[in-house]
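Everything below concerns the one structure shown next.
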There are 2 protein chains.
Amino acid sequence: MKLSLFTLFLLLATVALARAEEGMYPISEVGGLGLADKGLKLTPEEVFNAEKTCLVDGICKVNGCTGSFVSPHGLIITNHHCAYRAIQSSSSTTNDYLRDGFYASDLGDEIPAKGYTVRITESFQDVSDQVLSAITPGMSYTERTKAIEQRQKELEKSAEKKHLGQRAEVAEMFAGKTYVLFLYTYIQDVRLVFAPPASVGNFGGEVDNWEWPRHTGDFSFMRAYVAPDGSTAEYSKDNVPYQPKRFIQVEPKGVDEGDYVMLIGYPGRTARHKTASFLSYEQDVRLPYVVDLYQWQIEKMQQAGKGDRAIALKLSSRMKGLANVEKRSRGQLKGLVRKDIVGTRSAAESELQTFINSENARREKYGDLLKDIAAVYAEMESSQHELDVQSLRSASRLMYFAFAIYDSAVERQKDDLERETPYMDRNIDLTRRRLMLAVKDYHAPTDRVILEELLRRLRAAGDKTRDLAALLPSEDSLDELYSKTSLGDPEFIQACFDKTPEQLAAMNDPALAAIIGLYPKYLELREQSKSREGKLDQLYGDLVTVKQEFLKQKFVPDANATLRLTYGHIKGYSPEDAVYKFPITTLGGAVAKATGVEPFVLPSAIIEKHSQGDFGKFMHPKLKDVPTGILYDTDTTGGNSGSPILNGEGRLVGVNFDRAFEATINDFAWNESYSRSIGVDIRYALWITGNVFGANHLLKEMGVE
Amino acid sequence: MKLSLFTLFLLLATVALARAEEGMYPISEVGGLGLADKGLKLTPEEVFNAEKTCLVDGICKVNGCTGSFVSPHGLIITNHHCAYRAIQSSSSTTNDYLRDGFYASDLGDEIPAKGYTVRITESFQDVSDQVLSAITPGMSYTERTKAIEQRQKELEKSAEKKHLGQRAEVAEMFAGKTYVLFLYTYIQDVRLVFAPPASVGNFGGEVDNWEWPRHTGDFSFMRAYVAPDGSTAEYSKDNVPYQPKRFIQVEPKGVDEGDYVMLIGYPGRTARHKTASFLSYEQDVRLPYVVDLYQWQIEKMQQAGKGDRAIALKLSSRMKGLANVEKRSRGQLKGLVRKDIVGTRSAAESELQTFINSENARREKYGDLLKDIAAVYAEMESSQHELDVQSLRSASRLMYFAFAIYDSAVERQKDDLERETPYMDRNIDLTRRRLMLAVKDYHAPTDRVILEELLRRLRAAGDKTRDLAALLPSEDSLDELYSKTSLGDPEFIQACFDKTPEQLAAMNDPALAAIIGLYPKYLELREQSKSREGKLDQLYGDLVTVKQEFLKQKFVPDANATLRLTYGHIKGYSPEDAVYKFPITTLGGAVAKATGVEPFVLPSAIIEKHSQGDFGKFMHPKLKDVPTGILYDTDTTGGNSGSPILNGEGRLVGVNFDRAFEATINDFAWNESYSRSIGVDIRYALWITGNVFGANHLLKEMGVE
């Protein structure tokens with residue numbers, strides 16, 4: 001059999017005929033997808049069933065990621081990068097788990113993962129009517145947004161009263177149209193069980209991030225703990241492993257090219273139903289802004305961490321996060337341009353507009369719809385100073401601390417339901433915990449460099465930002481500000497949380513004072529943003545209605561961090577003319593990349609075992625090597641990190657952790673030709689855990705002998 | 001037929017069994033290569049024949065590149081980047097041929113390509129004995145080098161006396177062992193005939209440079225002119241097109257995957273016979289130095305050219321050159337490490353050492369050979385200041401002008417044969433012409449920035465460089481130096497050429513004064529370098545002798561800018577795990593890349609013709625598109641730019657212009673798995689020339705109807 005240039009073209013032609021596998025389906029729709037024809041061997045009821053225990057009960061959310069229970073004792077498999085913060089914050093220069101990996105030989109050795117929670121979906125129900133009944137005619141956009149927000153909060157509160165110990169959250173499925181109330185259990189005692197060294201878990205680092213072929217062992221094991229009576233509880237040494245209703249069986253035989261796979265998880269945000277005007281805003285304004293902002297932030301942090309491992313450790317998690325978004329944004333920018341996503345969507349909207357105009361009543365109702373939406377984004381395009389104000393809080397830790405403290409104090413003066421969501425009684429603990437975690441990342445000299453640059457930019461950018469800058473300290477005063485502020489001190493921050501706005505003002509902390517000075521402007525911008533949100537909610541609600549009339553088909557709602565299923569196949573692709581990428585990588589490929597220069601350093605044990613052909617039972621029968629990465633055409637986005645890759649029998653064959661560079665534009669438009677997601681092959685994870693690091697008790701716990 | 005992951009592995013296994021196609025063979029060896037079995041349809045005598053007109057007579061050298069005569073009227077096809085300087089220097093902001101392309105509708109419109117010469121190889125003979133007889137026992141290494149140099153010059157001079165109008169050059173084939181005297185005709189009136197816009201000829205720019213897949217239309221047409229009597233002559237409007245003994249027929253049907261191809265050209269330098277110690281020096285010292293030096297030079301030039309097209313044009317050719325070498329050097333560094341070239345060569349040397357030690361007489365003679373060679377490179381490793389001194393001349397144009405003028409004045413005090421080669425009577429005109437061409441690139445403010453940085457680095461680098469820096473002007477005095485020097489003025493430089501060293505010193509030009517101050521140090525370093533060269537010559541001569549004893553086979557000498565033939569096949573490759581690259585790209589691929597953002601801007605005429613499927617007769621029958629780039633496993637290096645890609649019938653199917661990124665280490669080690677060269681498909685060149693730009697008279701001249 002000869003591989004030639006022309007087989008590539010034959011293959012691509014075949015692929016083009018195959019049915020598109022787009023869709024992050026709400027889990028309740030699994031019955032209507034005809035998955036038996038695609039390769040699913042389970043019944044839809046075995047996958048999801050509101051009444052009985054099913055596959056979905058084995059899935060959980062681990063902070064912003066997805067995880068799978070893989071044993072009856074609460075053992076969770078997720079990504080290395082999802083456990084990264086836990087590994088980082090328990091690492092020191094003497095016990096460097098980030099560098100060396102971590103391995104608990106029994107339950108007692110497992111390390112509390114501070115700031116981590118595991119969320120389990122207990123049930124959900126449609127509450128659209130209840131939410132939308134809060135709207136009355138004649139409301140302004142701001143009033144509308146606030147009314148919807150408040151009704152959501154009421155529904156959540158009352159649901160939580162009914163279901164003690166559970167958490168209720170209303171999710172907007174279609175903006176301004178459909179709402180679903182989810183009931184969740186939050187487990188608060190989560191521990192780190194096993195993490196490979198970063199040289200495996202983050203092999204290839206930022207160079208390989210968002211790239212295929214991939215050889216990253218991006219997996220880790222954590223464990224959920226509950227009180228001895230089974231209720232959720234804060235960390236205690238008396239807690240016991242949580243017993244999930246169901247766990248997912250790992251499949252040590254793995255998967256092969258062409259096989260059916262499905263992912264279940266909590267994809268974050270997509271924008272498939274947004275307009276061309278939104279995409280233009282992303283392409284012309286927001287994405288270039290983010291790329292620029294993050295690039296120089298990363299640069300400053302790199303400089304700060306050079307030659308000082310302690311500072312580098314402190315900053316590593318944030319840098320990783322920034323670099324990840326920066327590269328994704330670059331990929332999106334490239335893809336938006338190369339694939340002319342804006343042009344394609346504009347063309348579709350022209351057809352829609354023609355349909356709207358074709359009937360008088362319809363034209364009257366929806367004739368200005370697209371124009372009105374475009375006007376909102378046009379307004380945002382001319383308000384770049386809003387991005388600057390956001391950056392101030394996101395890029396400077398000190399400004400973030402000051403803002404979070406003061407905003408919280410102001411909000412907590414209000415009635416619970418009137419407050420911004422993070423400061424409601426039911427959320428305030430989580431908000432505080434997140435803040436205290438962020439304090440761990442704080443490095444004053446780096447923060448000062450970043451704040452100075454932000455201020456310089458604010459002053460240079462234009463009239464609106466100059467006015468903002470005038471409310472802020474001058475660059476000259478920063479030495480004094482950083483030497484006098486106490487906001488780097490966790491205890492001081494804790495203490496601030498109990499104070500009123502007046503008490504905070506009286507403390508004369510220069511960082512707090514800076515934010516207090518800016519605060520009225522912040523409030524103004526927040527109102528403005530709520531007004532826009534309300535307007536867009538209503539307009540997008542109408543857009544979905546008229547699009548459904550036009551296309552006569554149901555849509556899958558954009559991702560919104562709720563439970564979704566997506567399916568596809570293990571499949572290669574041609575990212576460009578004359579190139580074909582195959583869907584399974586090998587340990588041999590990792591070893592070939594391992595130059596010994598960061599980020600391509602593999603532990604010597606792995607290189608040795610590879611050269612000895614010591615693959616145990618994890619060798620791919622045809623490739624004669626341990627498979628490391630797998631590629632598939634399911635529909636994923638951020639939040640799908642850690643999602644189980646399940647075969648037709650519902651067994652776990654890998655853990656999803658990334659997308660190919662071309663697939664960064666998945667968020668805007670899915671396409672069979674470029675949408676590919678990347679997972680670590682379970683065989684690599686098991687080989688690393690058992691054969692290389694000797695944690696065979698974990699393999700046994702998962703039922704792998 | 002299904003393309004699967006496993007066909008890739010089958011293919012790679014097959015490839016590994018195929019006979020390696022390494023070798024840049026001296027043209028005289030073509031008879032011994034068994035090319036009929038590989039796919040050559042011509043007899044070896046039809047390819048090369050010292051007595052009769054043959055294919056090789058259609059090949060010429062165009063400055064540093066190779067070219068092919070493609071019509072009986074001196075029409076030459078070469079690369080766009082080989083004609084770049086000619087296009088650039090005839091471009092202005094009003095007549096921007098670089099941006100818009102150039103097209104002479106008849107002979108009268110053709111533009112003189114100043115500084116260009118076309119060299120034709122007339123004959124060659126082995127003169128090793130004559131050269132080596134210049135060496136007498138007891139000579140120091142410096143004396144040895146000088147004796148060899150002088151003998152070469154004598155042979156050249158006397159050959160030129162015998163063959164009036166021709167130029168003689170002795171080339172060292174194996175260092176210290178074999179020498180060949182070549183007789184060349186130099187045509188001095190060369191004109192630009194056709195160049196596509198840089199958006200085609202340099203499509204993809206530095207982003208795609210050294211990369212496959214490639215879509216660059218890197219071709220141009222020039223023409224050689226001679227006096228009406230057929231003798232070579234400077235430009236005159238009375239000159240007539242040169243009639244080559246033989247021209248190469250272009251093949252509008254092109255080539256296909258798997259086809260036999262061969263290249264004939266003038267590859268520059270390779271280091272296949274050098275030691276592991278040399279490779280270590282490259283890997284650890286010289287290549288990182290070059291990458292760093294060139295990166296910041298490029299950065300400074302980019303800054304200077306921003307927003308000023310005239311300055312950008314002035315600097316564009318140098319920047320292109322620097323960027324090209326910078327990226328190649330990065331590729332080489334990566335490849336040296338990833339492929340462990342040093343380790344492989346060390347292992348081979350260990351075997352050789354064992355062979356040497358296995359016999360007393362042999363050990364006595366060659367026992368210290370590898371150690372002695374390594375000692376020379378060790379000495380170079382500890383002499384980084386020599387690189388700094390070289391950089392001073394290569395990076396600062398002003399320092400280069402001053403040096404060239406003063407060095408020339410000093411050398412021309414000596415007898416002709418005693419001089420450094422560039423200043424001999426037979427070479428001085430060319431040397432001057434090159435200098436005058438370089439003056440066109442001079443932009444004082446940029447040069448000043450670069451010189452300042454060089455001086456700063458010299459002072460910072462260590463004791464040896466600090467001593468050098470002390471001989472040079474301080475950074476503070478640069479404003480004065482640049483405002484007072486006249487060395488940016490072409491007329492002043494011309495005038496300087498007739499002066500003695502004493503007269504130059506008396507002129508009190510501060511740039512000249514700087515070089516005069518440094519000159520004794522330069523001479524010292526030159527002597528040192530000649531001494532090393534002499535030592536290495538002798539040692540490498542011995543190395544070839546003992547390696548031949550050991551391996552019992554003939555070697556192909558390293559490339560040395562003399563005429564070579566290399567053969568191979570149109571063939572894809574797998575640059576890394578899970579990736580396969582096919583060997584023919586298409587216009588469709590170019591259009592997909594053409595975002596409209598530099599360097600990916602295609603003329604709209606091309607995009608339109610592509611969307612209309614207007615491919616004329618240049619469509620690939622199976623790909624249903626115009627092929628743009630082709631990939632093949634012949635053995636090439638710099639200097640092969642512009643080489644004809646010839647099919648088995650000796651017809652031209654493309655023009656070579658680059659190598660794949662992995663193949664940058666060709667210079668050190670050829671390998672079937674990664675050594676791939678890149679050419680523009682003749683069908684693309686003809687389609688662009690005829691169908692897009694309408695220069696059908698050129699197609700007719702080449703016999704394409």
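By convention in this document, the chains of the structure tokens carry letters A, B, ... by their order, each chain's residues are numbered from 1, and ligands are numbered from 1 in the order they are shown.
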
>> Contacts from chain A to chain B, 6 Å maximum, only C-alpha atoms: show me the residue list as a list in words.
In response: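 Output check: Leu5, Arg338, Asp577, Ala578, Val579, Tyr580, Lys581, Phe582, Thr585, Gly589 and Thr595 of chain A.
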
Write out, as a PDB file, in the first residue's frame, the residues just selected, with N, CA, C and O atoms.
ATOM      1  N   LEU A   5       0.441  11.499  -2.740  1.00  0.00           N
ATOM      2  CA  LEU A   5      -0.175  12.810  -2.704  1.00  0.00           C
ATOM      3  C   LEU A   5      -1.668  12.722  -2.981  1.00  0.00           C
ATOM      4  O   LEU A   5      -2.472  13.446  -2.410  1.00  0.00           O
ATOM      5  N   ARG A 338      -8.098  33.986   8.156  1.00  0.00           N
ATOM      6  CA  ARG A 338      -7.866  32.992   7.090  1.00  0.00           C
ATOM      7  C   ARG A 338      -9.153  32.330   6.619  1.00  0.00           C
ATOM      8  O   ARG A 338      -9.304  32.043   5.447  1.00  0.00           O
ATOM      9  N   ASP A 577      -2.534  22.963   2.819  1.00  0.00           N
ATOM     10  CA  ASP A 577      -2.106  22.367   1.568  1.00  0.00           C
ATOM     11  C   ASP A 577      -0.859  21.498   1.769  1.00  0.00           C
ATOM     12  O   ASP A 577       0.140  21.962   2.327  1.00  0.00           O
ATOM     13  N   ALA A 578      -0.924  20.241   1.318  1.00  0.00           N
ATOM     14  CA  ALA A 578       0.230  19.330   1.279  1.00  0.00           C
ATOM     15  C   ALA A 578       0.668  18.800   2.649  1.00  0.00           C
ATOM     16  O   ALA A 578       1.745  18.229   2.765  1.00  0.00           O
ATOM     17  N   VAL A 579      -0.148  18.988   3.676  1.00  0.00           N
ATOM     18  CA  VAL A 579       0.211  18.458   4.998  1.00  0.00           C
ATOM     19  C   VAL A 579      -0.934  17.597   5.520  1.00  0.00           C
ATOM     20  O   VAL A 579      -2.097  17.970   5.400  1.00  0.00           O
ATOM     21  N   TYR A 580      -0.601  16.440   6.076  1.00  0.00           N
ATOM     22  CA  TYR A 580      -1.611  15.620   6.738  1.00  0.00           C
ATOM     23  C   TYR A 580      -1.099  15.231   8.116  1.00  0.00           C
ATOM     24  O   TYR A 580       0.058  14.866   8.272  1.00  0.00           O
ATOM     25  N   LYS A 581      -1.981  15.368   9.112  1.00  0.00           N
ATOM     26  CA  LYS A 581      -1.595  15.004  10.468  1.00  0.00           C
ATOM     27  C   LYS A 581      -2.416  13.803  10.923  1.00  0.00           C
ATOM     28  O   LYS A 581      -3.635  13.803  10.814  1.00  0.00           O
ATOM     29  N   PHE A 582      -1.720  12.792  11.419  1.00  0.00           N
ATOM     30  CA  PHE A 582      -2.353  11.551  11.857  1.00  0.00           C
ATOM     31  C   PHE A 582      -2.806  11.689  13.305  1.00  0.00           C
ATOM     32  O   PHE A 582      -2.252  12.493  14.059  1.00  0.00           O
ATOM     33  N   THR A 585      -0.248   9.972  18.443  1.00  0.00           N
ATOM     34  CA  THR A 585       1.199  10.166  18.579  1.00  0.00           C
ATOM     35  C   THR A 585       1.771   9.075  19.483  1.00  0.00           C
ATOM     36  O   THR A 585       1.029   8.362  20.158  1.00  0.00           O
ATOM     37  N   GLY A 589       7.811   9.643  19.558  1.00  0.00           N
ATOM     38  CA  GLY A 589       7.763  11.037  19.129  1.00  0.00           C
ATOM     39  C   GLY A 589       8.145  11.974  20.252  1.00  0.00           C
ATOM     40  O   GLY A 589       8.830  12.985  20.037  1.00  0.00           O
ATOM     41  N   THR A 595      14.914  17.237  23.761  1.00  0.00           N
ATOM     42  CA  THR A 595      16.287  17.695  23.553  1.00  0.00           C
ATOM     43  C   THR A 595      17.011  17.936  24.863  1.00  0.00           C
ATOM     44  O   THR A 595      18.206  18.166  24.879  1.00  0.00           O
TER      45      THR A 595
END

>> Quick one: residues within 12 Å of Asp368 (chain B), only C-alpha atoms, excluding same-chain residues fewer than 3 positions away - as a list in words?
In response: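 In the requested form, the answer reads Leu352, Gln353, Ile356, Asn357, Arg362, Arg363, Glu364, Lys365, Lys371, Asp372, Ile373, Ala374, Ala375, Leu539, Asp542 and Leu543 of chain B.
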
I need the residues from that last selection saved to file as a short mmCIF file (atom, residue, chain, number, x, y, z; two decimals), in the first residue's frame (with all heavy atoms), if you can.
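Result went into result.cif, see below:
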data_model
loop_
_atom_site.label_atom_id
_atom_site.label_comp_id
_atom_site.auth_asym_id
_atom_site.auth_seq_id
_atom_site.Cartn_x
_atom_site.Cartn_y
_atom_site.Cartn_z
N LEU B 352 37.04 5.19 14.09
CA LEU B 352 38.23 5.53 13.30
C LEU B 352 39.47 5.49 14.20
O LEU B 352 40.52 4.95 13.82
CB LEU B 352 38.07 6.92 12.68
CG LEU B 352 39.25 7.43 11.86
CD1 LEU B 352 39.47 6.59 10.61
CD2 LEU B 352 39.06 8.89 11.47
N GLN B 353 39.34 6.03 15.41
CA GLN B 353 40.46 6.08 16.34
C GLN B 353 40.91 4.65 16.68
O GLN B 353 42.12 4.38 16.72
CB GLN B 353 40.06 6.83 17.62
CG GLN B 353 41.22 7.13 18.57
CD GLN B 353 42.17 8.18 18.02
OE1 GLN B 353 41.77 9.26 17.61
NE2 GLN B 353 43.48 7.86 17.98
N ILE B 356 42.86 3.44 13.84
CA ILE B 356 44.19 4.07 13.83
C ILE B 356 45.11 3.40 14.84
O ILE B 356 46.25 3.05 14.54
CB ILE B 356 44.08 5.59 14.13
CG1 ILE B 356 43.41 6.32 12.95
CG2 ILE B 356 45.44 6.20 14.43
CD1 ILE B 356 43.07 7.79 13.22
N ASN B 357 44.56 3.17 16.02
CA ASN B 357 45.39 2.60 17.10
C ASN B 357 45.73 1.12 16.89
O ASN B 357 46.60 0.60 17.55
CB ASN B 357 44.66 2.75 18.44
CG ASN B 357 44.50 4.21 18.83
OD1 ASN B 357 45.11 5.10 18.23
ND2 ASN B 357 43.69 4.47 19.84
N ARG B 362 50.49 3.16 11.92
CA ARG B 362 49.36 4.05 11.69
C ARG B 362 49.11 4.94 12.92
O ARG B 362 48.84 6.12 12.81
CB ARG B 362 48.11 3.23 11.36
CG ARG B 362 47.09 4.02 10.57
CD ARG B 362 45.82 3.24 10.35
NE ARG B 362 45.96 2.11 9.49
CZ ARG B 362 45.62 0.86 9.83
NH1 ARG B 362 45.16 0.60 11.04
NH2 ARG B 362 45.79 -0.14 8.98
N ARG B 363 49.27 4.30 14.08
CA ARG B 363 49.04 5.09 15.30
C ARG B 363 50.07 6.21 15.41
O ARG B 363 49.77 7.33 15.81
CB ARG B 363 49.09 4.21 16.54
CG ARG B 363 48.67 5.00 17.79
CD ARG B 363 48.63 4.16 19.02
NE ARG B 363 49.89 3.50 19.25
CZ ARG B 363 50.01 2.23 19.66
NH1 ARG B 363 48.94 1.51 19.89
NH2 ARG B 363 51.21 1.68 19.82
N GLU B 364 51.32 5.85 15.05
CA GLU B 364 52.36 6.85 15.15
C GLU B 364 52.07 8.05 14.24
O GLU B 364 52.24 9.19 14.63
CB GLU B 364 53.69 6.23 14.74
CG GLU B 364 54.84 6.73 15.58
CD GLU B 364 55.86 5.63 15.75
OE1 GLU B 364 55.65 4.73 16.60
OE2 GLU B 364 56.85 5.64 14.99
N LYS B 365 51.57 7.74 13.06
CA LYS B 365 51.35 8.79 12.09
C LYS B 365 50.08 9.61 12.39
O LYS B 365 50.07 10.83 12.26
CB LYS B 365 51.25 8.16 10.69
CG LYS B 365 51.42 9.16 9.56
CD LYS B 365 51.73 8.46 8.25
CE LYS B 365 51.76 9.45 7.10
NZ LYS B 365 51.66 8.76 5.80
N LYS B 371 42.74 14.64 17.99
CA LYS B 371 43.03 15.50 19.15
C LYS B 371 43.60 16.84 18.68
O LYS B 371 43.24 17.90 19.22
CB LYS B 371 44.05 14.78 20.04
CG LYS B 371 43.90 15.08 21.52
CD LYS B 371 44.93 14.32 22.34
CE LYS B 371 46.35 14.81 22.00
NZ LYS B 371 47.40 13.97 22.61
N ASP B 372 44.48 16.78 17.69
CA ASP B 372 45.10 18.02 17.20
C ASP B 372 44.07 18.94 16.54
O ASP B 372 44.10 20.16 16.69
CB ASP B 372 46.22 17.71 16.21
CG ASP B 372 47.42 17.09 16.90
OD1 ASP B 372 47.48 17.14 18.15
OD2 ASP B 372 48.29 16.54 16.20
N ILE B 373 43.17 18.33 15.79
CA ILE B 373 42.11 19.14 15.16
C ILE B 373 41.24 19.77 16.25
O ILE B 373 40.94 20.97 16.22
CB ILE B 373 41.25 18.29 14.19
CG1 ILE B 373 42.11 17.82 13.01
CG2 ILE B 373 40.05 19.09 13.70
CD1 ILE B 373 41.39 16.93 12.00
N ALA B 374 40.88 18.94 17.24
CA ALA B 374 40.03 19.45 18.33
C ALA B 374 40.71 20.62 19.04
O ALA B 374 40.05 21.58 19.46
CB ALA B 374 39.70 18.34 19.31
N ALA B 375 42.05 20.56 19.15
CA ALA B 375 42.77 21.62 19.84
C ALA B 375 42.61 22.96 19.12
O ALA B 375 42.51 24.02 19.75
CB ALA B 375 44.24 21.26 19.98
N LEU B 539 45.97 18.85 8.60
CA LEU B 539 45.36 17.81 9.42
C LEU B 539 44.17 17.17 8.70
O LEU B 539 44.02 15.95 8.70
CB LEU B 539 44.91 18.40 10.76
CG LEU B 539 46.05 18.89 11.67
CD1 LEU B 539 45.49 19.70 12.85
CD2 LEU B 539 46.89 17.72 12.18
N ASP B 542 45.29 14.76 6.08
CA ASP B 542 45.62 13.46 6.69
C ASP B 542 44.35 12.69 7.05
O ASP B 542 44.30 11.47 6.91
CB ASP B 542 46.45 13.68 7.96
CG ASP B 542 47.87 14.13 7.63
OD1 ASP B 542 48.24 14.08 6.42
OD2 ASP B 542 48.60 14.54 8.55
N LEU B 543 43.36 13.42 7.54
CA LEU B 543 42.12 12.76 7.98
C LEU B 543 41.45 12.04 6.81
O LEU B 543 41.02 10.89 6.94
CB LEU B 543 41.17 13.80 8.60
CG LEU B 543 39.89 13.23 9.22
CD1 LEU B 543 40.20 12.34 10.41
CD2 LEU B 543 38.95 14.36 9.66
#

>> Counting only C-alpha atoms, which residue out of B:Thr562, B:Thr634, B:Ser199, B:Ser643 sits closest to Gly58 (chain B)?
In response: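 Selected residue with least distance to Gly58 (chain B): B:Ser643.
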
> as a PyMOL selection string, which residues of region 358-587 of chain A does DSSP assign to helix (DSSP H, G or I)?
Replying inline: chain A and resi 360-366+369-381+384-395+397-411+416-418+421-423+425-439+444-461+463-470+475-484+490-496+501-506+510-551+587

>> What's around region 644-658 of chain A at 7 Å? Count only C-alpha atoms, leave out sequence neighbours fewer than 3 positions away in its own chain, and write the answer as an MDAnalysis selection string.
In response: chainID A and resid 39:42 68 78:79 210 218 248:251 254:255 260:264 640:641 677:682

>> Just want the 12 Å neighbourhood of Thr270 (chain A), counted on only C-alpha atoms, with same-chain residues fewer than 3 positions away dropped. Output as number ranges by chain.
In response: A: 23-24, 173-174, 266-267, 273-274, 279, 556-561, 635-640, 664-670

Selected residues, N, CA and C atoms, written as a short mmCIF file (atom, residue, chain, number, x, y, z; two decimals), in the first residue's frame, please.
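again-v3.cif, freshly written:
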data_model
loop_
_atom_site.label_atom_id
_atom_site.label_comp_id
_atom_site.auth_asym_id
_atom_site.auth_seq_id
_atom_site.Cartn_x
_atom_site.Cartn_y
_atom_site.Cartn_z
N GLY A 23 -21.58 20.18 17.64
CA GLY A 23 -22.64 20.20 18.63
C GLY A 23 -22.19 19.85 20.03
N MET A 24 -22.39 20.79 20.96
CA MET A 24 -22.22 20.50 22.38
C MET A 24 -23.64 20.37 22.92
N MET A 173 -29.56 29.51 28.78
CA MET A 173 -29.19 28.63 27.66
C MET A 173 -29.18 29.44 26.37
N PHE A 174 -30.33 29.96 25.94
CA PHE A 174 -30.36 30.93 24.86
C PHE A 174 -30.58 32.29 25.48
N TYR A 266 -18.11 20.24 30.84
CA TYR A 266 -18.71 21.54 31.11
C TYR A 266 -18.07 22.63 30.26
N PRO A 267 -18.30 22.57 28.94
CA PRO A 267 -17.68 23.59 28.07
C PRO A 267 -18.13 24.99 28.47
N HIS A 273 -23.87 31.57 17.92
CA HIS A 273 -25.12 32.24 17.56
C HIS A 273 -24.98 33.75 17.58
N LYS A 274 -23.76 34.22 17.77
CA LYS A 274 -23.58 35.68 17.78
C LYS A 274 -23.43 36.19 16.35
N LEU A 279 -18.41 39.29 15.89
CA LEU A 279 -17.14 38.71 15.44
C LEU A 279 -16.17 39.80 15.01
N VAL A 556 -28.59 24.06 18.78
CA VAL A 556 -27.95 23.71 20.04
C VAL A 556 -27.50 25.03 20.67
N PRO A 557 -27.88 25.28 21.93
CA PRO A 557 -27.48 26.57 22.52
C PRO A 557 -25.96 26.67 22.67
N ASP A 558 -25.46 27.89 22.67
CA ASP A 558 -24.04 28.11 22.91
C ASP A 558 -23.64 27.54 24.27
N ALA A 559 -22.38 27.13 24.35
CA ALA A 559 -21.88 26.57 25.62
C ALA A 559 -22.01 27.62 26.72
N ASN A 560 -22.34 27.15 27.94
CA ASN A 560 -22.51 28.08 29.07
C ASN A 560 -22.12 27.42 30.39
N ALA A 561 -21.09 26.55 30.30
CA ALA A 561 -20.54 25.88 31.49
C ALA A 561 -21.51 24.88 32.11
N ASP A 635 -16.69 18.37 19.38
CA ASP A 635 -16.87 19.82 19.47
C ASP A 635 -16.62 20.26 20.92
N THR A 636 -15.47 20.91 21.15
CA THR A 636 -15.13 21.27 22.53
C THR A 636 -14.70 22.72 22.64
N THR A 637 -14.65 23.20 23.86
CA THR A 637 -14.06 24.52 24.13
C THR A 637 -13.49 24.50 25.54
N GLY A 638 -12.95 25.64 25.99
CA GLY A 638 -12.41 25.72 27.34
C GLY A 638 -13.47 25.29 28.34
N GLY A 639 -13.07 24.58 29.40
CA GLY A 639 -14.02 24.01 30.34
C GLY A 639 -14.17 22.52 30.07
N ASN A 640 -13.89 22.14 28.80
CA ASN A 640 -13.81 20.72 28.47
C ASN A 640 -12.47 20.13 28.89
N THR A 664 -8.82 26.74 17.49
CA THR A 664 -9.09 27.80 18.46
C THR A 664 -10.33 28.59 18.03
N ILE A 665 -10.63 28.59 16.72
CA ILE A 665 -11.83 29.33 16.29
C ILE A 665 -13.10 28.51 16.42
N ASN A 666 -12.99 27.28 16.93
CA ASN A 666 -14.19 26.54 17.36
C ASN A 666 -15.18 27.44 18.08
N ASP A 667 -14.65 28.31 18.93
CA ASP A 667 -15.53 29.14 19.74
C ASP A 667 -16.47 29.98 18.88
N PHE A 668 -16.01 30.29 17.66
CA PHE A 668 -16.82 31.11 16.77
C PHE A 668 -17.51 30.28 15.68
N ALA A 669 -16.83 29.24 15.23
CA ALA A 669 -17.40 28.43 14.14
C ALA A 669 -16.72 27.07 14.11
N TRP A 670 -17.50 26.02 14.22
CA TRP A 670 -16.98 24.66 14.16
C TRP A 670 -16.92 24.25 12.70
#

> For Glu349 (chain A), which residue out of A:Lys552, A:Lys521, A:Arg433, A:Lys547 is the nearest one, using only C-alpha atoms?
Replying inline: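 Using only C-alpha atoms, Glu349 (chain A) sits closest to A:Lys547.
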
>> I want to know what sits within 9 Å of region 313-316 of chain A, based on only C-alpha atoms, with residues of the same chain fewer than 5 positions away left out; could you give that as a PyMOL selection string?
In response: chain A and resi 88-89+91-93+98+301-302+304-305+308+321+440-443
